[in-house]
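What follows is the content of coords_32.txt, which has compact mmCIF, C-alpha atoms:
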# COMPACT_ATOMS: atom_id res chain seq x y z
CA MET M 1 6.04 -38.15 -19.63
CA TYR M 2 4.94 -35.12 -17.64
CA LEU M 3 8.54 -34.22 -16.88
CA ASP M 4 9.52 -34.47 -20.54
CA GLN M 5 6.68 -32.16 -21.50
CA LEU M 6 7.57 -29.67 -18.82
CA THR M 7 11.27 -29.65 -19.49
CA SER M 8 10.84 -29.06 -23.19
CA LEU M 9 7.35 -27.46 -23.26
CA GLY M 10 7.08 -28.84 -26.78
CA PHE M 11 9.34 -26.09 -28.11
CA HIS M 12 12.60 -27.84 -27.29
CA PHE M 13 13.54 -25.24 -24.69
CA PRO M 14 15.36 -26.84 -21.79
CA LEU M 15 13.86 -26.07 -18.39
CA ASN M 16 17.01 -24.25 -17.33
CA THR M 17 16.75 -21.78 -20.19
CA ILE M 18 13.14 -21.03 -19.26
CA LEU M 19 14.04 -20.52 -15.60
CA ILE M 20 16.90 -18.18 -16.52
CA PHE M 21 14.56 -16.23 -18.80
CA VAL M 22 11.96 -15.94 -16.00
CA PHE M 23 14.72 -14.88 -13.61
CA TYR M 24 15.84 -12.08 -15.95
CA LEU M 25 12.22 -11.02 -16.35
CA MET M 26 11.73 -11.02 -12.60
CA THR M 27 14.94 -9.05 -12.09
CA GLY M 28 13.63 -6.41 -14.47
CA ILE M 29 10.27 -6.24 -12.70
CA TYR M 30 12.02 -6.12 -9.33
CA ALA M 31 14.33 -3.29 -10.41
CA VAL M 32 11.45 -1.17 -11.70
CA PHE M 33 9.29 -1.93 -8.65
CA SER M 34 12.15 -1.14 -6.24
CA PHE M 35 12.83 2.16 -8.00
CA VAL M 36 9.15 3.16 -7.83
CA LEU M 37 8.89 2.08 -4.18
CA TYR M 38 12.06 3.94 -3.24
CA TYR M 39 10.90 7.04 -5.12
CA HIS M 40 7.53 7.07 -3.37
CA TRP M 41 8.94 6.65 0.12
CA ASN M 42 11.74 9.10 -0.48
CA GLU M 43 9.49 11.68 -2.07
CA TYR M 44 6.20 11.46 -0.19
CA ALA M 45 6.68 9.87 3.24
CA LEU M 46 6.59 12.30 6.14
CA ASP M 47 8.58 10.29 8.65
CA ALA M 48 12.22 9.50 7.85
CA THR M 49 12.38 6.67 10.42
CA VAL M 50 9.44 4.81 8.90
CA THR M 51 10.91 5.33 5.43
CA LYS M 52 14.24 3.91 6.52
CA ASN M 53 12.69 0.92 8.31
CA THR M 54 10.43 0.12 5.37
CA LEU M 55 13.20 0.28 2.79
CA VAL M 56 15.59 -1.74 4.95
CA ALA M 57 12.92 -4.39 5.54
CA TYR M 58 12.03 -4.42 1.84
CA PHE M 59 15.57 -4.99 0.61
CA ALA M 60 16.48 -7.34 3.49
CA ILE M 61 13.51 -9.60 2.76
CA THR M 62 13.20 -9.47 -1.02
CA LEU M 63 16.79 -9.25 -2.24
CA PRO M 64 17.81 -12.66 -0.78
CA LEU M 65 14.76 -14.19 -2.46
CA LEU M 66 15.77 -12.72 -5.81
CA LEU M 67 19.30 -14.03 -5.30
CA ALA M 68 17.87 -17.45 -4.43
CA LEU M 69 15.88 -17.39 -7.68
CA GLY M 70 19.08 -16.63 -9.57
CA LEU M 71 20.98 -19.38 -7.79
CA ILE M 72 18.27 -21.93 -8.55
CA ALA M 73 18.04 -20.83 -12.18
CA PHE M 74 21.80 -20.84 -12.85
CA LEU M 75 23.09 -23.51 -10.50
CA GLY M 76 20.07 -25.78 -10.48
CA ASN M 77 21.54 -28.32 -12.84
CA MET J 1 8.54 15.60 10.18
CA PHE J 2 6.30 17.73 7.94
CA GLU J 3 9.06 19.37 5.94
CA LYS J 4 7.71 17.79 2.74
CA ILE J 5 4.39 19.56 3.16
CA GLU J 6 4.72 23.27 2.79
CA LEU J 7 3.03 24.69 5.84
CA GLU J 8 2.37 28.36 6.16
CA PRO J 9 4.31 30.36 8.76
CA GLU J 10 3.01 29.56 12.27
CA GLU J 11 0.61 26.96 10.88
CA LYS J 12 0.25 24.13 13.40
CA VAL J 13 -0.49 20.51 12.58
CA LEU J 14 -3.32 19.36 14.84
CA THR J 15 -3.38 15.73 13.80
CA THR J 16 -2.52 13.31 11.02
CA VAL J 17 -4.85 10.42 10.31
CA ARG J 18 -4.23 7.24 8.38
CA LYS J 19 -6.73 4.53 7.71
CA HIS J 20 -7.71 2.19 10.52
CA TRP J 21 -5.38 -0.72 11.23
CA PHE J 22 -8.14 -3.14 10.29
CA VAL J 23 -8.08 -1.83 6.71
CA ILE J 24 -4.44 -2.73 6.16
CA PHE J 25 -4.78 -5.87 8.26
CA SER J 26 -7.56 -7.19 6.02
CA GLN J 27 -5.52 -6.40 2.91
CA LEU J 28 -2.35 -7.98 4.28
CA ILE J 29 -4.29 -11.06 5.36
CA GLY J 30 -5.08 -11.53 1.67
CA THR J 31 -1.38 -11.26 0.84
CA GLY J 32 -0.52 -13.66 3.65
CA PHE J 33 -3.03 -16.11 2.24
CA MET J 34 -1.48 -15.72 -1.22
CA ILE J 35 1.92 -16.69 0.20
CA PHE J 36 0.51 -20.04 1.30
CA VAL J 37 -1.44 -20.71 -1.91
CA PRO J 38 1.33 -22.93 -3.42
CA LEU J 39 1.31 -25.06 -0.26
CA PHE J 40 -2.48 -25.42 -0.48
CA ILE J 41 -2.17 -26.39 -4.15
CA ILE J 42 0.48 -29.00 -3.38
CA LEU J 43 -1.71 -30.37 -0.58
CA PHE J 44 -4.68 -30.49 -2.93
CA LEU J 45 -2.65 -32.23 -5.64
CA THR J 46 -1.28 -34.72 -3.13
CA LEU J 47 -4.77 -35.61 -1.97
CA SER J 48 -6.14 -35.86 -5.49
CA PRO J 49 -5.10 -39.21 -7.05
CA LYS J 50 -5.79 -38.07 -10.62
CA LEU J 51 -3.35 -35.20 -10.32
CA SER J 52 -0.61 -37.05 -8.47
CA GLY J 53 1.52 -36.96 -11.65
CA ILE J 54 2.09 -33.24 -11.16
CA VAL J 55 3.29 -33.84 -7.60
CA GLN J 56 5.60 -36.49 -9.00
CA ILE J 57 7.05 -33.94 -11.39
CA LEU J 58 7.71 -31.50 -8.57
CA GLN J 59 9.24 -34.21 -6.43
CA ASN J 60 11.48 -35.31 -9.27
CA ASN J 61 12.33 -31.78 -10.23
CA LEU J 62 13.23 -29.90 -7.10
CA GLN J 63 14.70 -27.04 -9.15
CA LEU J 64 11.38 -26.22 -10.78
CA GLY J 65 9.39 -26.64 -7.57
CA SER J 66 11.61 -24.41 -5.46
CA PHE J 67 11.87 -21.81 -8.25
CA VAL J 68 8.08 -21.54 -8.54
CA MET J 69 7.66 -21.34 -4.75
CA ILE J 70 10.25 -18.58 -4.32
CA PHE J 71 8.94 -16.71 -7.37
CA TRP J 72 5.42 -16.77 -5.88
CA LEU J 73 6.70 -15.73 -2.46
CA LEU J 74 8.60 -12.80 -3.97
CA MET J 75 5.59 -11.61 -5.97
CA SER J 76 3.37 -11.85 -2.87
CA LEU J 77 5.86 -9.86 -0.83
CA LEU J 78 6.08 -7.15 -3.50
CA SER J 79 2.30 -6.97 -3.38
CA GLY J 80 2.46 -6.69 0.43
CA PHE J 81 4.93 -3.80 0.26
CA MET J 82 2.73 -2.09 -2.31
CA ILE J 83 -0.23 -2.34 0.08
CA TRP J 84 1.84 -0.99 2.97
CA THR J 85 3.07 1.92 0.83
CA GLY J 86 -0.47 2.79 -0.23
CA TYR J 87 -1.62 2.63 3.38
CA TYR J 88 1.16 4.76 4.81
CA LEU J 89 1.16 7.45 2.14
CA ASP J 90 -2.63 7.88 2.23
CA LEU J 91 -3.52 10.35 4.97
CA TRP J 92 -5.46 13.36 6.21
CA LEU J 93 -3.42 16.16 7.68
CA ILE J 94 -5.43 18.60 9.75
CA THR J 95 -3.83 21.88 10.66
CA ASP J 96 -5.26 24.90 12.44
CA ARG J 97 -5.85 26.54 9.03
CA ARG J 98 -6.65 23.83 6.49
CA ILE J 99 -7.13 20.18 5.76
CA ILE J 100 -4.79 18.38 3.41
CA VAL J 101 -6.18 15.16 1.97
CA ILE J 102 -3.67 12.83 0.35
CA ASN J 103 -5.18 9.92 -1.53
CA GLN J 104 -2.57 7.38 -2.56
CA ILE J 105 -4.79 5.07 -4.60
CA ASN J 106 -1.88 3.17 -6.10
CA PHE J 107 1.69 3.83 -7.18
CA PHE J 108 0.72 5.94 -10.16
CA ASN J 109 -2.47 7.46 -8.85
CA ARG J 110 -1.98 10.06 -6.14
CA THR J 111 -4.07 13.11 -5.45
CA VAL J 112 -3.23 15.82 -2.94
CA SER J 113 -6.06 18.22 -2.12
CA SER J 114 -6.05 21.05 0.31
CA PHE J 115 -8.83 23.30 1.47
CA ARG J 116 -8.99 26.01 4.05
CA LEU J 117 -11.09 25.51 7.15
CA GLU J 118 -13.07 28.67 6.51
CA ARG J 119 -14.30 27.10 3.26
CA LEU J 120 -15.56 24.01 5.04
CA GLN J 121 -19.32 23.74 4.85
CA ASP J 122 -19.99 20.43 6.57
CA VAL J 123 -18.34 17.24 7.66
CA ASN J 124 -20.29 13.99 7.54
CA VAL J 125 -19.44 10.69 9.10
CA ILE J 126 -20.70 7.31 7.95
CA ILE J 127 -20.05 4.23 10.06
CA LYS J 128 -21.67 1.34 8.27
CA GLY J 129 -21.42 -2.34 9.06
CA LEU J 130 -20.68 -4.61 11.98
CA ILE J 131 -16.89 -4.46 12.00
CA PRO J 132 -16.65 -0.68 11.44
CA THR J 133 -19.15 -0.14 14.27
CA PHE J 134 -17.26 -2.28 16.77
CA LEU J 135 -13.81 -1.15 15.71
CA ASN J 136 -14.93 2.47 15.34
CA PHE J 137 -13.86 3.35 11.83
CA GLY J 138 -15.78 4.78 8.91
CA THR J 139 -16.05 7.22 6.07
CA LEU J 140 -15.57 10.95 6.38
CA HIS J 141 -17.03 13.41 3.85
CA ALA J 142 -15.86 16.98 3.91
CA HIS J 143 -17.82 19.40 1.78
CA THR J 144 -16.53 22.84 0.89
CA ALA J 145 -18.58 25.93 0.12
CA GLY J 146 -18.03 28.54 -2.53
CA ASN J 147 -17.94 28.69 -6.30
CA ASN J 148 -15.76 25.64 -6.61
CA GLU J 149 -17.66 23.27 -4.38
CA GLU J 150 -15.67 20.17 -3.68
CA GLU J 151 -16.22 17.03 -1.70
CA PHE J 152 -13.44 15.04 -0.09
CA THR J 153 -14.18 11.50 0.92
CA THR J 154 -12.01 8.90 2.58
CA SER J 155 -13.17 5.57 3.89
CA GLY J 156 -11.71 3.47 6.69
CA LEU J 157 -10.65 6.38 8.91
CA PRO J 158 -10.32 5.56 12.62
CA ASP J 159 -12.55 7.35 15.12
CA PRO J 160 -14.35 9.42 12.48
CA ARG J 161 -16.56 11.16 15.06
CA GLY J 162 -13.49 12.27 17.01
CA LEU J 163 -11.96 13.48 13.78
CA GLN J 164 -15.17 15.32 12.92
CA ALA J 165 -15.06 17.00 16.33
CA ILE J 166 -11.42 18.05 15.84
CA ILE J 167 -12.22 19.51 12.41
CA GLN J 168 -15.30 21.35 13.65
CA LYS J 169 -13.48 22.75 16.66
CA ALA J 170 -10.56 23.88 14.48
CA THR J 171 -13.01 25.44 12.04
CA ASP J 172 -14.78 27.34 14.81
CA ILE J 173 -11.48 28.65 16.18
CA ARG J 174 -10.36 29.59 12.69
CA LEU J 175 -13.57 31.45 11.94
CA ASN J 176 -13.39 33.25 15.28
CA ASN J 177 -9.80 34.26 14.60
CA LEU J 178 -10.66 35.51 11.13
CA GLY J 179 -13.66 37.40 12.51
CA HIS J 180 -11.42 38.95 15.12
CA LEU J 181 -8.87 39.97 12.50
CA THR J 182 -11.57 41.47 10.31
CA TYR J 183 -12.97 43.36 13.26
CA THR J 184 -9.60 44.81 14.24
CA ALA J 185 -8.86 45.72 10.65
CA GLU J 186 -12.05 47.74 10.51

Using structure tokens, write down the structure from this file.
Amino acid sequence: MYLDQLTSLGFHFPLNTILIFVFYLMTGIYAVFSFVLYYHWNEYALDATVTKNTLVAYFAITLPLLLALGLIAFLGN
Amino acid sequence: MFEKIELEPEEKVLTTVRKHWFVIFSQLIGTGFMIFVPLFIILFLTLSPKLSGIVQILQNNLQLGSFVMIFWLLMSLLSGFMIWTGYYLDLWLITDRRIIVINQINFFNRTVSSFRLERLQDVNVIIKGLIPTFLNFGTLHAHTAGNNEEEFTTSGLPDPRGLQAIIQKATDIRLNNLGHLTYTAE
């Protein structure tokens, strides 16, 4: 019963559609956030090494998670 | 290193100060705790018999469970990077001629103030609380004189008394130099 409610949410949306929608939403948020983060570090940081390390760590940690979200949303069935 | 801050010719940077490590540590601890919140919720649901149906849903629907976990982890990490950015870009830059105070409150709230050492009226230090006392960090107020009196305040600065001493010494040297220049000009 719980599963039926969750998968349809009473609006007859399959769970997969909801997850894909959330993934697109998250991708949008991530893109904007990454741009703002990159802009701030590129524009205001005083040390190029720290900037480079931060941005490399940011993309190395977060991008795989975003890809994993996409994989789960699209290939989860 | 300081090419993004336009220093005057022959102006020397004496020190740059960011907030104490404990400030960012306490903020990142919160983020670290947020990362583990889903695990705590699952543990709570598992131990609560009335809510075991929700655990059943997650067990039956691995796609939903893993999606929510990764989504939460990603949001927590973005929050962590935002905290780190705010910490790193927020600083006091003390040169032999002026003090530049950069307050990076959040992504879209940044103030950069600069005042010359000869305008400095007083510098106050407040170290309040158990942890700031033992870890030696506190709040620094710099008050400028003149028609446009301004006050610059930053909390969580490490070794505020040392910083106060550096500023006062630099101010004294600056005033002496200016006095000397005035004297020779006359």

Enumerate as an mmCIF file with C-alpha atoms, in the coordinates of the input the residues belonging to chain M that approach chain J to within 10 Å, with all atoms listed in the file taken into account.
data_model
loop_
_atom_site.group_PDB
_atom_site.id
_atom_site.type_symbol
_atom_site.label_atom_id
_atom_site.label_comp_id
_atom_site.auth_asym_id
_atom_site.auth_seq_id
_atom_site.Cartn_x
_atom_site.Cartn_y
_atom_site.Cartn_z
ATOM 1 C CA MET M 1 6.040 -38.150 -19.630
ATOM 2 C CA TYR M 2 4.940 -35.120 -17.640
ATOM 3 C CA LEU M 3 8.540 -34.220 -16.880
ATOM 4 C CA ASP M 4 9.520 -34.470 -20.540
ATOM 5 C CA LEU M 6 7.570 -29.670 -18.820
ATOM 6 C CA THR M 7 11.270 -29.650 -19.490
ATOM 7 C CA LEU M 15 13.860 -26.070 -18.390
ATOM 8 C CA ASN M 16 17.010 -24.250 -17.330
ATOM 9 C CA LEU M 19 14.040 -20.520 -15.600
ATOM 10 C CA VAL M 22 11.960 -15.940 -16.000
ATOM 11 C CA PHE M 23 14.720 -14.880 -13.610
ATOM 12 C CA MET M 26 11.730 -11.020 -12.600
ATOM 13 C CA ILE M 29 10.270 -6.240 -12.700
ATOM 14 C CA TYR M 30 12.020 -6.120 -9.330
ATOM 15 C CA PHE M 33 9.290 -1.930 -8.650
ATOM 16 C CA SER M 34 12.150 -1.140 -6.240
ATOM 17 C CA VAL M 36 9.150 3.160 -7.830
ATOM 18 C CA LEU M 37 8.890 2.080 -4.180
ATOM 19 C CA TYR M 39 10.900 7.040 -5.120
ATOM 20 C CA HIS M 40 7.530 7.070 -3.370
ATOM 21 C CA TRP M 41 8.940 6.650 0.120
ATOM 22 C CA GLU M 43 9.490 11.680 -2.070
ATOM 23 C CA TYR M 44 6.200 11.460 -0.190
ATOM 24 C CA ALA M 45 6.680 9.870 3.240
ATOM 25 C CA LEU M 46 6.590 12.300 6.140
ATOM 26 C CA ASP M 47 8.580 10.290 8.650
ATOM 27 C CA ALA M 48 12.220 9.500 7.850
ATOM 28 C CA THR M 49 12.380 6.670 10.420
ATOM 29 C CA VAL M 50 9.440 4.810 8.900
ATOM 30 C CA THR M 51 10.910 5.330 5.430
ATOM 31 C CA THR M 54 10.430 0.120 5.370
ATOM 32 C CA LEU M 55 13.200 0.280 2.790
ATOM 33 C CA ALA M 57 12.920 -4.390 5.540
ATOM 34 C CA TYR M 58 12.030 -4.420 1.840
ATOM 35 C CA ILE M 61 13.510 -9.600 2.760
ATOM 36 C CA THR M 62 13.200 -9.470 -1.020
ATOM 37 C CA LEU M 63 16.790 -9.250 -2.240
ATOM 38 C CA PRO M 64 17.810 -12.660 -0.780
ATOM 39 C CA LEU M 65 14.760 -14.190 -2.460
ATOM 40 C CA LEU M 66 15.770 -12.720 -5.810
ATOM 41 C CA ALA M 68 17.870 -17.450 -4.430
ATOM 42 C CA LEU M 69 15.880 -17.390 -7.680
ATOM 43 C CA GLY M 70 19.080 -16.630 -9.570
ATOM 44 C CA LEU M 71 20.980 -19.380 -7.790
ATOM 45 C CA ILE M 72 18.270 -21.930 -8.550
ATOM 46 C CA ALA M 73 18.040 -20.830 -12.180
ATOM 47 C CA LEU M 75 23.090 -23.510 -10.500
ATOM 48 C CA GLY M 76 20.070 -25.780 -10.480
ATOM 49 C CA ASN M 77 21.540 -28.320 -12.840
#

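CA of Val13 in chain J is found 25.5 Å from CA of Asn106 in chain J.
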
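Between CA of Ile131 in chain J and CA of Thr111 in chain J the separation is 27.9 Å.
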
task = Please check which residues have atoms at most 10 Å from (-5.8, 17.4, 11.3) in the file's coordinates, counting only C-alpha atoms, and write them as a list in words.
result =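 These residues have at least one counted atom within 10 Å: Lys12, Val13, Leu14, Thr15, Thr16, Val17, Leu91, Trp92, Leu93, Ile94, Thr95, Asp96, Arg97, Arg98, Ile99, Ile100, Val101, Leu163, Gln164, Ile166, Ile167 and Ala170 of chain J.
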
request  = For CA of Pro14 in chain M and CA of Met34 in chain J, quote the distance in Å rounded to one decimal.
outcome  =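 Computing it gives 28.8 Å between the two atoms.
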
query = Of the candidates J:Leu45, J:Ala145, J:Val37, J:Leu28, which shows the shortest atom-to-atom distance to Leu120 in chain J, using all atoms listed in the file?
reply =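 Among J:Leu45, J:Ala145, J:Val37, J:Leu28, it is J:Ala145 that comes nearest to Leu120 in chain J.
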
task = Find the spatial neighbours of Thr153 in chain J, counting all atoms listed in the file, within a cut-off of 12 Å - ignore same-chain residues fewer than 3 positions away - and output them as a PyMOL selection string.
result = chain J and resi 91-92+100-103+113+123-126+138-144+150+156-157+160

Kindly list the centre and edge lengths in Å, rounded to one decimal, for the axis-aligned box that covers all listed atoms of range 40-55 of chain M plus 4 Å on each of its six sides, as JSON.
{"center_x": 10.2, "center_y": 6.2, "center_z": 3.5, "size_x": 16.0, "size_y": 20.2, "size_z": 21.8}

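The residue set within 7 Å of range 172-176 of chain J, counting only C-alpha atoms and dropping same-chain residues fewer than 3 places from it, reads Asp96, Arg97, Leu117, Glu118, Gln168, Lys169, Gly179 and His180 of chain J.
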
Keeping C-alpha atoms for every residue in the selection just given, could you write it to a file as an mmCIF file, keeping the file's coordinate frame?
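File again_20.cif, as written:
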data_model
loop_
_atom_site.group_PDB
_atom_site.id
_atom_site.type_symbol
_atom_site.label_atom_id
_atom_site.label_comp_id
_atom_site.auth_asym_id
_atom_site.auth_seq_id
_atom_site.Cartn_x
_atom_site.Cartn_y
_atom_site.Cartn_z
ATOM 1 C CA ASP J 96 -5.260 24.900 12.440
ATOM 2 C CA ARG J 97 -5.850 26.540 9.030
ATOM 3 C CA LEU J 117 -11.090 25.510 7.150
ATOM 4 C CA GLU J 118 -13.070 28.670 6.510
ATOM 5 C CA GLN J 168 -15.300 21.350 13.650
ATOM 6 C CA LYS J 169 -13.480 22.750 16.660
ATOM 7 C CA GLY J 179 -13.660 37.400 12.510
ATOM 8 C CA HIS J 180 -11.420 38.950 15.120
#
